[in-house]
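Asks: Input query_19.cif, format and content: mmCIF, C-alpha atoms and all ligand atoms.
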```cif
data_coords
#
loop_
_atom_site.label_atom_id
_atom_site.label_comp_id
_atom_site.auth_asym_id
_atom_site.auth_seq_id
_atom_site.Cartn_x
_atom_site.Cartn_y
_atom_site.Cartn_z
CA MET P 538 0.00 0.00 0.00
CA ASN P 539 1.36 3.43 -0.89
CA PRO P 540 1.35 6.12 1.80
CA SER P 541 -1.32 8.06 -0.02
CA ASP P 542 -3.54 4.99 -0.42
CA VAL P 543 -5.43 5.09 2.88
CA HIS P 544 -8.90 3.96 1.89
CA PRO P 545 -11.38 6.85 2.31
CA LEU P 546 -13.87 4.58 4.10
CA LEU P 547 -11.40 3.47 6.78
CA ALA P 548 -11.81 4.89 10.28
CA CYS P 549 -10.12 4.13 13.58
CA PRO P 550 -12.01 1.24 15.26
CA ARG P 551 -11.21 2.78 18.64
CA CYS P 552 -12.39 6.37 18.20
CA GLY P 553 -13.71 6.68 14.62
CA GLY P 554 -10.93 9.12 13.66
CA ASP P 555 -9.21 9.48 10.27
CA PHE P 556 -5.81 7.97 9.54
CA GLU P 557 -2.61 9.81 8.73
CA SER P 558 -1.39 8.86 5.28
CA SER P 559 2.35 9.10 5.85
CA PHE P 560 3.29 5.55 6.84
CA GLU P 561 3.80 2.54 4.56
CA THR P 562 3.49 -0.25 7.10
CA THR P 563 1.24 1.31 9.70
CA LEU P 564 -1.87 3.45 9.93
CA LYS P 565 -1.84 6.17 12.59
CA CYS P 566 -5.12 7.57 13.87
CA LEU P 567 -5.08 11.35 13.74
CA SER P 568 -7.48 11.62 16.70
CA CYS P 569 -6.33 9.09 19.31
CA GLY P 570 -2.83 8.38 17.99
CA GLU P 571 -3.31 4.57 17.91
CA PHE P 572 -1.22 2.65 15.34
CA PHE P 573 -2.49 -0.30 13.28
CA PRO P 574 -0.29 -2.43 11.03
CA ILE P 575 -0.62 -3.02 7.30
CA ARG P 576 0.23 -6.71 7.03
CA GLU P 577 1.32 -7.89 3.57
CA GLY P 578 -0.74 -5.14 1.95
CA VAL P 579 -3.82 -5.70 4.15
CA PRO P 580 -4.80 -3.07 6.76
CA SER P 581 -5.05 -5.12 9.94
CA PHE P 582 -7.19 -4.24 12.96
CA TYR P 583 -7.44 -7.59 14.69
CA ASP P 584 -5.32 -10.37 16.18
CA PRO P 585 -3.70 -12.19 13.20
CA SER P 586 -3.47 -15.48 15.10
CA VAL P 587 -7.28 -15.80 15.31
CA TYR P 588 -8.42 -18.22 12.63
CA TRP P 589 -11.67 -19.81 11.53
CA GLY P 590 -11.92 -22.17 8.58
CA GLU P 591 -14.27 -24.97 7.61
CA GLU P 592 -12.27 -27.93 6.29
CA PHE P 593 -8.87 -26.23 6.28
CA ASP P 594 -6.86 -25.59 9.44
CA LEU P 595 -4.46 -22.67 9.87
CA ASP P 596 -1.40 -24.55 8.59
CA GLU P 597 -3.27 -25.69 5.47
CA MET P 598 -4.57 -22.15 4.88
CA ARG P 599 -1.00 -20.81 5.13
CA THR P 600 0.12 -23.41 2.57
CA ILE P 601 -2.76 -22.41 0.27
CA ASN P 602 -1.67 -18.78 0.56
CA SER P 603 1.98 -19.66 -0.19
CA LEU P 604 0.87 -21.63 -3.24
CA ALA P 605 -1.33 -18.70 -4.30
CA VAL P 606 1.79 -16.51 -4.36
CA GLU P 607 3.84 -19.12 -6.20
CA LYS P 608 1.31 -20.37 -8.80
CA GLY P 609 -1.73 -18.09 -8.50
CA TRP P 610 -4.85 -18.44 -6.35
CA ARG P 611 -6.80 -20.54 -8.88
CA GLU P 612 -4.01 -23.13 -9.08
CA ALA P 613 -3.81 -23.13 -5.28
CA VAL P 614 -7.53 -23.94 -5.11
CA ARG P 615 -7.20 -26.66 -7.76
CA ASP P 616 -4.13 -28.26 -6.10
CA MET P 617 -4.97 -27.89 -2.41
CA VAL P 618 -8.72 -27.41 -2.02
CA LYS P 619 -10.37 -29.42 -4.81
CA PRO P 620 -8.81 -32.82 -4.00
CA LYS P 621 -10.00 -32.56 -0.38
CA SER P 622 -13.34 -30.85 -1.05
CA PRO P 623 -14.64 -30.31 -4.60
CA GLU P 624 -17.67 -28.52 -3.08
CA ARG P 625 -15.41 -26.00 -1.33
CA ALA P 626 -13.54 -25.37 -4.59
CA GLU P 627 -16.85 -24.55 -6.29
CA TYR P 628 -17.79 -22.40 -3.28
CA ILE P 629 -14.56 -20.39 -3.68
CA GLU P 630 -14.80 -19.90 -7.45
CA GLY P 631 -18.57 -19.73 -8.01
CA PHE P 632 -19.70 -16.17 -8.65
CA PHE P 633 -23.28 -17.48 -8.99
CA ARG P 634 -23.23 -17.64 -5.18
CA ALA P 635 -23.82 -13.87 -5.16
CA ASP P 636 -27.02 -14.16 -7.25
CA TRP P 637 -29.03 -13.06 -4.20
CA ARG P 638 -27.96 -9.58 -5.35
CA PHE P 639 -30.94 -9.60 -7.74
CA LEU P 640 -33.15 -9.12 -4.67
CA PHE P 641 -31.77 -5.58 -4.42
CA PRO P 642 -31.92 -2.57 -6.77
CA VAL P 643 -28.13 -2.76 -7.17
CA GLN P 644 -26.58 0.17 -9.01
CA GLU P 645 -23.19 0.71 -10.60
CA ASN P 646 -22.29 3.48 -8.17
CA TRP P 647 -23.08 1.51 -5.01
CA THR P 648 -20.61 0.98 -2.17
CA VAL P 649 -20.95 -2.50 -0.65
CA LEU P 650 -19.60 -4.06 2.54
CA ASP P 651 -19.19 -7.84 2.63
CA VAL P 652 -18.88 -8.78 6.31
CA GLY P 653 -17.11 -12.06 7.07
CA ALA P 654 -16.00 -12.21 3.45
CA GLY P 655 -14.31 -15.62 3.85
CA TRP P 656 -12.47 -16.60 0.66
CA GLY P 657 -13.74 -13.44 -1.05
CA THR P 658 -16.11 -15.04 -3.58
CA LEU P 659 -19.09 -12.78 -2.92
CA SER P 660 -16.88 -9.66 -2.71
CA CYS P 661 -15.24 -10.42 -6.07
CA ALA P 662 -18.60 -11.15 -7.72
CA LEU P 663 -20.13 -7.94 -6.35
CA ALA P 664 -17.12 -5.89 -7.49
CA GLU P 665 -18.14 -6.71 -11.08
CA VAL P 666 -21.45 -4.88 -10.72
CA VAL P 667 -21.00 -2.05 -8.19
CA GLY P 668 -18.65 0.89 -7.76
CA GLU P 669 -16.77 -0.11 -4.60
CA VAL P 670 -16.59 -3.20 -2.37
CA VAL P 671 -14.98 -3.61 1.05
CA ALA P 672 -14.32 -7.20 2.18
CA LEU P 673 -14.12 -7.28 5.98
CA GLU P 674 -12.75 -10.55 7.33
CA SER P 675 -11.66 -11.43 10.87
CA ALA P 676 -9.33 -14.33 9.93
CA PHE P 677 -6.09 -12.82 8.63
CA GLU P 678 -5.13 -15.78 6.40
CA ARG P 679 -8.51 -15.43 4.67
CA ALA P 680 -8.13 -11.66 4.24
CA LYS P 681 -4.72 -12.42 2.73
CA PHE P 682 -6.27 -14.89 0.28
CA ILE P 683 -8.74 -12.17 -0.77
CA GLN P 684 -5.77 -9.81 -1.25
CA HIS P 685 -4.19 -12.39 -3.61
CA ARG P 686 -7.42 -12.49 -5.62
CA ILE P 687 -7.50 -8.69 -5.78
CA GLU P 688 -3.89 -8.40 -6.95
CA GLN P 689 -3.88 -11.36 -9.37
CA ASP P 690 -7.25 -10.52 -10.96
CA ALA P 691 -6.54 -6.75 -10.89
CA ILE P 692 -9.79 -5.91 -9.09
CA SER P 693 -9.28 -2.20 -8.55
CA ASN P 694 -12.58 -1.51 -6.75
CA LEU P 695 -12.24 -4.18 -4.02
CA THR P 696 -10.38 -3.68 -0.72
CA ALA P 697 -9.60 -6.48 1.75
CA ILE P 698 -9.56 -5.48 5.40
CA HIS P 699 -8.59 -7.65 8.33
CA GLY P 700 -10.97 -6.67 11.12
CA THR P 701 -14.27 -7.42 12.80
CA LEU P 702 -17.80 -6.15 12.73
CA THR P 703 -17.52 -6.02 16.52
CA ARG P 704 -15.13 -3.05 16.21
CA PRO P 705 -15.45 -2.06 12.57
CA PRO P 706 -12.58 0.03 11.16
CA LEU P 707 -15.04 1.82 8.87
CA LYS P 708 -16.84 5.16 8.61
CA ALA P 709 -20.49 5.29 9.64
CA GLY P 710 -23.12 6.02 6.98
CA SER P 711 -20.92 4.78 4.10
CA PHE P 712 -22.60 1.77 2.51
CA ASP P 713 -25.54 1.18 0.15
CA LEU P 714 -25.60 -2.55 0.89
CA ILE P 715 -24.12 -4.74 3.63
CA ALA P 716 -23.96 -8.52 3.19
CA LEU P 717 -23.92 -10.99 6.08
CA ASN P 718 -23.77 -14.38 4.37
CA GLY P 719 -23.26 -17.16 6.90
CA VAL P 720 -22.11 -14.70 9.56
CA LEU P 721 -24.97 -13.65 11.89
CA GLU P 722 -25.18 -17.12 13.45
CA TRP P 723 -21.51 -16.95 14.54
CA LEU P 724 -21.65 -13.50 16.12
CA GLY P 725 -22.80 -14.81 19.52
CA TRP P 726 -19.16 -15.79 20.04
CA ALA P 727 -18.00 -12.17 19.65
CA ASP P 728 -18.98 -11.36 23.25
CA THR P 729 -19.65 -14.24 25.62
CA SER P 730 -20.47 -11.92 28.54
CA ARG P 731 -23.93 -11.12 27.11
CA SER P 732 -26.88 -13.13 25.85
CA VAL P 733 -26.57 -14.35 22.25
CA PRO P 734 -29.56 -12.34 20.94
CA SER P 735 -28.24 -9.12 22.51
CA VAL P 736 -24.82 -9.63 20.88
CA GLN P 737 -26.47 -10.35 17.51
CA VAL P 738 -28.70 -7.26 17.82
CA ALA P 739 -25.67 -5.12 18.75
CA HIS P 740 -23.89 -6.24 15.54
CA LEU P 741 -27.03 -5.60 13.46
CA LYS P 742 -27.15 -2.09 14.99
CA THR P 743 -23.53 -1.65 13.88
CA CYS P 744 -24.60 -2.57 10.33
CA TRP P 745 -27.45 -0.07 10.59
CA ASN P 746 -24.91 2.63 11.58
CA LEU P 747 -22.58 1.75 8.70
CA LEU P 748 -25.39 1.99 6.13
CA LYS P 749 -26.36 5.18 4.31
CA PRO P 750 -29.97 6.30 4.85
CA GLY P 751 -32.07 4.03 2.62
CA GLY P 752 -29.25 1.43 2.54
CA TRP P 753 -29.97 -2.31 2.39
CA LEU P 754 -29.00 -5.29 4.52
CA TYR P 755 -28.75 -8.84 3.19
CA VAL P 756 -28.61 -11.87 5.52
CA GLY P 757 -28.11 -15.43 4.24
CA ILE P 758 -28.75 -17.96 7.02
CA GLU P 759 -30.39 -21.20 8.14
CA ASN P 760 -34.03 -21.38 9.23
CA ARG P 761 -34.01 -22.61 12.85
CA PHE P 762 -36.79 -25.20 12.42
CA GLY P 763 -36.03 -25.92 8.77
CA ILE P 764 -36.74 -29.41 7.43
CA SER P 765 -33.03 -30.21 7.04
CA SER P 766 -32.54 -29.84 10.82
CA TRP P 767 -35.31 -32.39 11.42
CA LEU P 768 -33.61 -34.67 8.89
CA GLY P 769 -30.35 -34.55 10.85
CA ALA P 770 -28.30 -31.75 9.23
CA MET P 771 -25.33 -30.71 11.36
CA ASP P 772 -25.98 -27.51 13.34
CA HIS P 773 -23.27 -24.87 13.92
CA SER P 774 -22.61 -26.51 17.30
CA TYR P 775 -21.23 -29.43 15.21
CA LEU P 776 -24.05 -31.49 16.70
CA LYS P 777 -27.36 -32.54 15.18
CA TYR P 778 -30.78 -31.22 16.29
CA THR P 779 -29.48 -28.45 18.63
CA SER P 780 -31.29 -25.63 16.76
CA LEU P 781 -34.59 -27.50 17.33
CA MET P 782 -34.09 -27.77 21.09
CA PRO P 783 -35.25 -25.18 23.63
CA ARG P 784 -32.15 -22.97 24.17
CA MET P 785 -31.55 -24.22 27.75
CA LEU P 786 -31.55 -27.83 26.56
CA ALA P 787 -29.22 -26.95 23.66
CA HIS P 788 -26.85 -25.27 26.15
CA GLY P 789 -26.83 -28.35 28.37
CA TYR P 790 -26.39 -30.78 25.48
CA THR P 791 -23.60 -28.75 23.83
CA ASN P 792 -21.86 -28.37 27.20
CA LEU P 793 -22.05 -32.11 27.72
CA LYS P 794 -20.84 -33.05 24.24
CA ARG P 795 -18.60 -30.12 23.27
CA LYS P 796 -17.67 -28.54 26.63
CA HIS P 797 -18.90 -25.10 25.66
CA ALA P 798 -22.15 -23.12 25.63
CA TYR P 799 -24.55 -23.08 22.68
CA ARG P 800 -23.97 -19.64 21.11
CA THR P 801 -24.71 -20.13 17.41
CA TYR P 802 -28.39 -19.19 17.49
CA THR P 803 -30.50 -19.33 14.38
CA TYR P 804 -34.18 -18.34 14.37
CA SER P 805 -37.46 -18.76 12.53
CA PRO P 806 -38.57 -15.77 10.40
CA ILE P 807 -40.43 -14.45 13.48
CA GLY P 808 -37.18 -14.42 15.48
CA TYR P 809 -35.14 -12.81 12.68
CA ARG P 810 -37.81 -10.13 12.27
CA ARG P 811 -37.65 -9.43 16.01
CA LEU P 812 -33.82 -9.05 15.94
CA LEU P 813 -33.88 -6.82 12.85
CA THR P 814 -36.67 -4.65 14.21
CA LYS P 815 -34.74 -4.17 17.48
CA ALA P 816 -31.82 -3.00 15.35
CA ARG P 817 -34.19 -0.44 13.70
CA PHE P 818 -34.41 -2.15 10.29
CA GLU P 819 -37.55 -1.81 8.19
CA GLU P 820 -38.98 -3.32 4.96
CA ILE P 821 -38.00 -6.81 6.17
CA ASP P 822 -38.67 -9.57 3.61
CA PHE P 823 -37.94 -13.29 3.59
CA PHE P 824 -37.05 -15.51 0.64
CA ALA P 825 -36.66 -19.27 0.73
CA THR P 826 -33.67 -20.72 -1.09
CA LEU P 827 -32.52 -24.14 -2.28
CA PRO P 828 -30.25 -25.98 -2.09
CA THR P 829 -28.58 -23.63 0.48
CA TYR P 830 -28.06 -19.91 1.07
CA SER P 831 -24.45 -20.46 0.05
CA ARG P 832 -25.62 -21.98 -3.26
CA PRO P 833 -28.79 -19.98 -3.93
CA VAL P 834 -29.69 -21.70 -7.21
CA TYR P 835 -33.43 -21.24 -6.57
CA TYR P 836 -35.11 -18.62 -4.44
CA TRP P 837 -38.67 -17.39 -4.08
CA PRO P 838 -40.87 -15.43 -1.62
CA VAL P 839 -40.95 -17.67 1.43
CA GLY P 840 -44.75 -17.96 1.69
CA ASN P 841 -45.30 -19.00 -1.94
CA GLY P 842 -46.40 -22.65 -1.73
CA LYS P 843 -46.73 -22.99 -5.51
CA ALA P 844 -43.09 -21.99 -6.04
CA LEU P 845 -41.97 -24.45 -3.36
CA LYS P 846 -43.79 -27.34 -5.07
CA ARG P 847 -42.21 -26.43 -8.41
CA VAL P 848 -38.65 -26.16 -7.05
CA ILE P 849 -38.90 -29.42 -5.12
CA LYS P 850 -40.11 -31.14 -8.32
CA ILE P 851 -37.10 -29.82 -10.26
CA LEU P 852 -34.67 -30.89 -7.51
CA THR P 853 -36.07 -34.43 -7.29
CA GLN P 854 -35.77 -34.74 -11.08
CA GLU P 855 -32.14 -33.59 -10.82
CA LYS P 856 -31.34 -35.95 -7.91
CA PRO P 857 -33.71 -38.94 -8.16
CA ASN P 858 -31.60 -41.06 -5.77
CA ASN P 859 -31.47 -38.56 -2.89
CA ALA P 860 -33.59 -40.26 -0.19
CA LYS P 861 -34.00 -37.20 2.07
CA LEU P 862 -35.07 -35.07 -0.86
CA GLY P 863 -37.49 -37.84 -1.86
CA TRP P 864 -39.11 -37.69 1.59
CA ALA P 865 -39.33 -33.90 1.51
CA ALA P 866 -40.88 -34.09 -1.99
CA LYS P 867 -43.53 -36.57 -0.82
CA ILE P 868 -44.49 -34.34 2.11
CA VAL P 869 -44.61 -31.21 -0.06
CA ASP P 870 -46.59 -32.99 -2.79
CA ARG P 871 -49.30 -34.18 -0.38
CA THR P 872 -49.68 -30.86 1.41
CA PRO P 873 -52.32 -28.44 0.05
CA GLU P 874 -50.81 -25.27 -1.41
CA GLY P 875 -52.59 -23.01 1.11
CA LEU P 876 -51.22 -24.94 4.09
CA LEU P 877 -47.78 -25.00 2.46
CA SER P 878 -47.82 -21.21 2.18
CA VAL P 879 -48.41 -20.95 5.93
CA ALA P 880 -45.99 -23.72 6.97
CA ALA P 881 -43.17 -23.12 4.45
CA PRO P 882 -41.73 -20.01 6.17
CA TYR P 883 -40.95 -22.22 9.20
CA LEU P 884 -39.86 -25.34 7.35
CA VAL P 885 -37.74 -24.25 4.39
CA PRO P 886 -34.12 -25.00 5.31
CA HIS P 887 -32.46 -21.73 4.42
CA LEU P 888 -33.46 -18.07 4.16
CA LEU P 889 -32.33 -15.00 2.28
CA ILE P 890 -33.38 -11.95 4.27
CA VAL P 891 -33.73 -8.43 2.95
CA ALA P 892 -34.01 -5.40 5.27
CA ARG P 893 -33.59 -1.68 4.93
CA LYS P 894 -32.52 1.36 6.90
CA ALA P 895 -35.16 4.08 6.58
CA LYS P 896 -34.39 6.80 4.05
CA ASP P 897 -34.99 9.37 6.75
CA ASP P 898 -33.20 7.93 9.78
CA ARG P 899 -33.77 10.88 12.10
CA ILE P 900 -35.48 10.04 15.36
CA ASP P 901 -38.47 12.37 15.92
C1 LIG P 1001 -19.31 -19.17 7.01
S1 LIG P 1001 -18.05 -18.03 6.58
C2 LIG P 1001 -18.89 -17.13 5.32
C3 LIG P 1001 -17.96 -16.59 4.26
C4 LIG P 1001 -18.59 -15.70 3.20
N1 LIG P 1001 -19.54 -14.75 3.73
C5 LIG P 1001 -19.23 -16.50 2.10
O1 LIG P 1001 -20.45 -16.73 2.16
O2 LIG P 1001 -18.54 -16.91 1.16
C6 LIG P 1001 -18.04 -16.87 7.94
C7 LIG P 1001 -16.85 -15.91 7.89
O3 LIG P 1001 -17.08 -14.83 8.81
C8 LIG P 1001 -15.87 -14.50 9.46
N2 LIG P 1001 -16.27 -13.82 10.71
C9 LIG P 1001 -16.80 -14.38 11.83
N3 LIG P 1001 -17.07 -13.43 12.74
C10 LIG P 1001 -16.71 -12.24 12.20
C11 LIG P 1001 -16.75 -10.88 12.65
N4 LIG P 1001 -17.21 -10.57 13.87
N5 LIG P 1001 -16.31 -9.90 11.82
C12 LIG P 1001 -15.82 -10.21 10.58
N6 LIG P 1001 -15.75 -11.48 10.10
C13 LIG P 1001 -16.20 -12.48 10.90
C14 LIG P 1001 -15.16 -15.84 9.62
O4 LIG P 1001 -13.75 -15.71 9.79
C15 LIG P 1001 -15.53 -16.54 8.32
O5 LIG P 1001 -14.57 -16.33 7.30
#
```
Let me see the file written as structure tokens.
Replies:
Amino acid sequence: MNPSDVHPLLACPRCGGDFESSFETTLKCLSCGEFFPIREGVPSFYDPSVYWGEEFDLDEMRTINSLAVEKGWREAVRDMVKPKSPERAEYIEGFFRADWRFLFPVQENWTVLDVGAGWGTLSCALAEVVGEVVALESAFERAKFIQHRIEQDAISNLTAIHGTLTRPPLKAGSFDLIALNGVLEWLGWADTSRSVPSVQVAHLKTCWNLLKPGGWLYVGIENRFGISSWLGAMDHSYLKYTSLMPRMLAHGYTNLKRKHAYRTYTYSPIGYRRLLTKARFEEIDFFATLPTYSRPVYYWPVGNGKALKRVIKILTQEKPNNAKLGWAAKIVDRTPEGLLSVAAPYLVPHLLIVARKAKDDRID
């Protein structure tokens, strides 16, 4: 990063101040004087040893990053990720994963924040259609991978930042759209001294603050009582059925099996609406998606029973030997459309949620 390249949307996570643009390896806050490093080209506001990664541990992620420097990030994915997990390779490369963007009136001049940007797929896809994207990621090795994508694919309107939504190093009122794809459910771990819903609401309030008036929020997440949980899908506790349990029981069970509390809360649409309303969001809408919010191949308004029947039919034709899908198809087929419209919002496995900050955000 050149000295003059301090991103205009960056702000001190401690006091909100601007940064002095006279250092190459550090950022100095002009208000409180705090220094933050620029690590390998990535402004860094968080502990670099903190790591989170699905199938790949920290050592493997470091090797992937080294290979990305040596051979390029695509080769690194093909050599290191694909043999272990072809699905993860598709997840990293598949721009279609950002197709939820069609739920929003996206414009070329928009500024977008992708929170918990992971491997950077959604950020890179969004950078093709908007003016500016910031990828905020709390795991340094992941932010570094995004930086490799930016440099190697010459994506001039995307910036990788190592930091957290808990203390965002960003200016308030800056974004037209904020994306939380597979992130809200993990935020309960950001502060274990408070209840999970209050930590999640606090982070949603932070998003509200970062948005411009009239700005949009996107949340991709599981439906707490979704059919896949009943069919034994693994919950974020790495145990089955915990999202279906009363919270106290889930706490006890997770403590017994995993030696920690249950803090990865998901909700039904009623619960998500409650959280978002507490964080002052309006115009809240729910869309069902299949097969998952991370692969939103099909999505439709969550209460539309006709659409659900049609999508399930297509999926069973595509995967005739999938027993769980077969069961789901039988149930859906035998349920009247009207009943399906009422029940589907609680039973579809995954949700895409749209919410908005009011255009006039002044409190009367
Ligand atoms: C399930 S992944 C989702 C990745 C990405 N959104 C996607 O869909 O491709 C969740 C990501 O959020 C990051 N994360 C978790 N808590 C965070 C926080 N408080 N601030 C920023 N990133 C966070 C994790 O390091 C992880 O990379």
Asks: Can you measure atom CA of P:Val666 to atom CA of P:Ala892 for me? One decimal in Å is fine.
Replies: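 Computing it gives 20.3 Å between the two atoms.
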Asks: Between atom CA of P:Leu717 and atom CA of P:Glu665, what is the distance in Å, rounded to a tenth?
Replies: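 We find that atom CA of P:Leu717 and atom CA of P:Glu665 lie 18.6 Å from each other.
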Asks: Show me which residues sit within 6 Å of ligand LIG 1001 (chain P) when counting all atoms listed in the file, and put them as a list in words.
Replies: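 Residues lying within 6 Å of ligand LIG 1001 (chain P): Trp589, Val652, Gly653, Ala654, Gly655, Thr658, Leu659, Leu673, Glu674, Ser675, Ala676, Thr701, Leu702, Thr703, Asn718, Gly719, Val720, Trp723, Leu724 and Ser831 of chain P.
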Asks: Applying 12 Å and all atoms listed in the file, which residues near P:Cys549 remain after dropping the ones on its own chain fewer than 5 positions away? List them as a list of chain:residue names.
Replies: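 Skipping anything fewer than 5 positions along the chain leaves P:Val543, P:His544, P:Gly554, P:Asp555, P:Phe556, P:Glu557, P:Leu564, P:Lys565, P:Cys566, P:Leu567, P:Ser568, P:Cys569, P:Gly570, P:Glu571, P:Phe572, P:Phe573, P:Pro580, P:Ser581, P:Phe582, P:Gly700, P:Arg704, P:Pro705, P:Pro706, P:Leu707, P:Lys708, P:Ala709.
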Asks: Find the residues around P:Gly725 up to 12 Å (only C-alpha atoms counted), leave out those fewer than 5 positions away in its own chain, and share them as a PyMOL selection string.
Replies: chain P and resi 703+720+730-741+773-774+798-803
Asks: Looking at P:Gly710, P:Pro833, P:Gly863, P:Gly590, which one is nearest to P:Lys894, with distances taken over only C-alpha atoms?
Replies: P:Gly710
Asks: Give me, please, the distance in Å between atom CA of P:Gly840 and atom CA of P:Ile890, quoted to one decimal.
Replies: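 So the answer is 13.1 Å.
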Asks: Could you rebuild stretch 570-590 of chain P with N, CA and C atoms and give me the result as an mmCIF file, in the coordinates of the input?
Replies:
```cif
data_model
loop_
_atom_site.group_PDB
_atom_site.id
_atom_site.type_symbol
_atom_site.label_atom_id
_atom_site.label_comp_id
_atom_site.auth_asym_id
_atom_site.auth_seq_id
_atom_site.Cartn_x
_atom_site.Cartn_y
_atom_site.Cartn_z
ATOM 1 N N GLY P 570 -4.245 8.702 18.091
ATOM 2 C CA GLY P 570 -2.830 8.380 17.990
ATOM 3 C C GLY P 570 -2.515 6.891 17.931
ATOM 4 N N GLU P 571 -3.536 6.028 17.953
ATOM 5 C CA GLU P 571 -3.310 4.570 17.910
ATOM 6 C C GLU P 571 -2.740 4.153 16.541
ATOM 7 N N PHE P 572 -1.809 3.181 16.586
ATOM 8 C CA PHE P 572 -1.220 2.650 15.340
ATOM 9 C C PHE P 572 -1.834 1.289 15.014
ATOM 10 N N PHE P 573 -2.039 1.025 13.738
ATOM 11 C CA PHE P 573 -2.490 -0.300 13.280
ATOM 12 C C PHE P 573 -1.601 -0.720 12.124
ATOM 13 N N PRO P 574 -1.201 -2.000 12.090
ATOM 14 C CA PRO P 574 -0.290 -2.430 11.030
ATOM 15 C C PRO P 574 -0.979 -2.643 9.682
ATOM 16 N N ILE P 575 -0.163 -2.541 8.616
ATOM 17 C CA ILE P 575 -0.620 -3.020 7.300
ATOM 18 C C ILE P 575 0.196 -4.284 7.059
ATOM 19 N N ARG P 576 -0.472 -5.432 7.129
ATOM 20 C CA ARG P 576 0.230 -6.710 7.030
ATOM 21 C C ARG P 576 0.121 -7.235 5.600
ATOM 22 N N GLU P 577 1.272 -7.350 4.949
ATOM 23 C CA GLU P 577 1.320 -7.890 3.570
ATOM 24 C C GLU P 577 0.259 -7.229 2.672
ATOM 25 N N GLY P 578 0.171 -5.915 2.806
ATOM 26 C CA GLY P 578 -0.740 -5.140 1.950
ATOM 27 C C GLY P 578 -2.156 -5.031 2.486
ATOM 28 N N VAL P 579 -2.454 -5.700 3.624
ATOM 29 C CA VAL P 579 -3.820 -5.700 4.150
ATOM 30 C C VAL P 579 -3.873 -4.885 5.450
ATOM 31 N N PRO P 580 -4.646 -3.792 5.489
ATOM 32 C CA PRO P 580 -4.800 -3.070 6.760
ATOM 33 C C PRO P 580 -5.372 -4.021 7.811
ATOM 34 N N SER P 581 -4.703 -4.079 8.982
ATOM 35 C CA SER P 581 -5.050 -5.120 9.940
ATOM 36 C C SER P 581 -5.435 -4.516 11.285
ATOM 37 N N PHE P 582 -6.652 -4.844 11.739
ATOM 38 C CA PHE P 582 -7.190 -4.240 12.960
ATOM 39 C C PHE P 582 -7.554 -5.297 13.988
ATOM 40 N N TYR P 583 -7.019 -6.503 13.805
ATOM 41 C CA TYR P 583 -7.440 -7.590 14.690
ATOM 42 C C TYR P 583 -6.257 -8.540 14.878
ATOM 43 N N ASP P 584 -6.387 -9.422 15.853
ATOM 44 C CA ASP P 584 -5.320 -10.370 16.180
ATOM 45 C C ASP P 584 -5.109 -11.337 14.994
ATOM 46 N N PRO P 585 -3.902 -11.345 14.392
ATOM 47 C CA PRO P 585 -3.700 -12.190 13.200
ATOM 48 C C PRO P 585 -3.651 -13.687 13.504
ATOM 49 N N SER P 586 -3.548 -14.041 14.800
ATOM 50 C CA SER P 586 -3.470 -15.480 15.100
ATOM 51 C C SER P 586 -4.881 -16.099 15.192
ATOM 52 N N VAL P 587 -5.918 -15.254 15.233
ATOM 53 C CA VAL P 587 -7.280 -15.800 15.310
ATOM 54 C C VAL P 587 -7.652 -16.344 13.940
ATOM 55 N N TYR P 588 -8.109 -17.590 13.920
ATOM 56 C CA TYR P 588 -8.420 -18.220 12.630
ATOM 57 C C TYR P 588 -9.723 -18.983 12.730
ATOM 58 N N TRP P 589 -10.453 -19.007 11.658
ATOM 59 C CA TRP P 589 -11.670 -19.810 11.530
ATOM 60 C C TRP P 589 -11.687 -20.348 10.115
ATOM 61 N N GLY P 590 -11.869 -21.635 9.952
ATOM 62 C CA GLY P 590 -11.920 -22.170 8.580
ATOM 63 C C GLY P 590 -12.589 -23.525 8.589
#
```
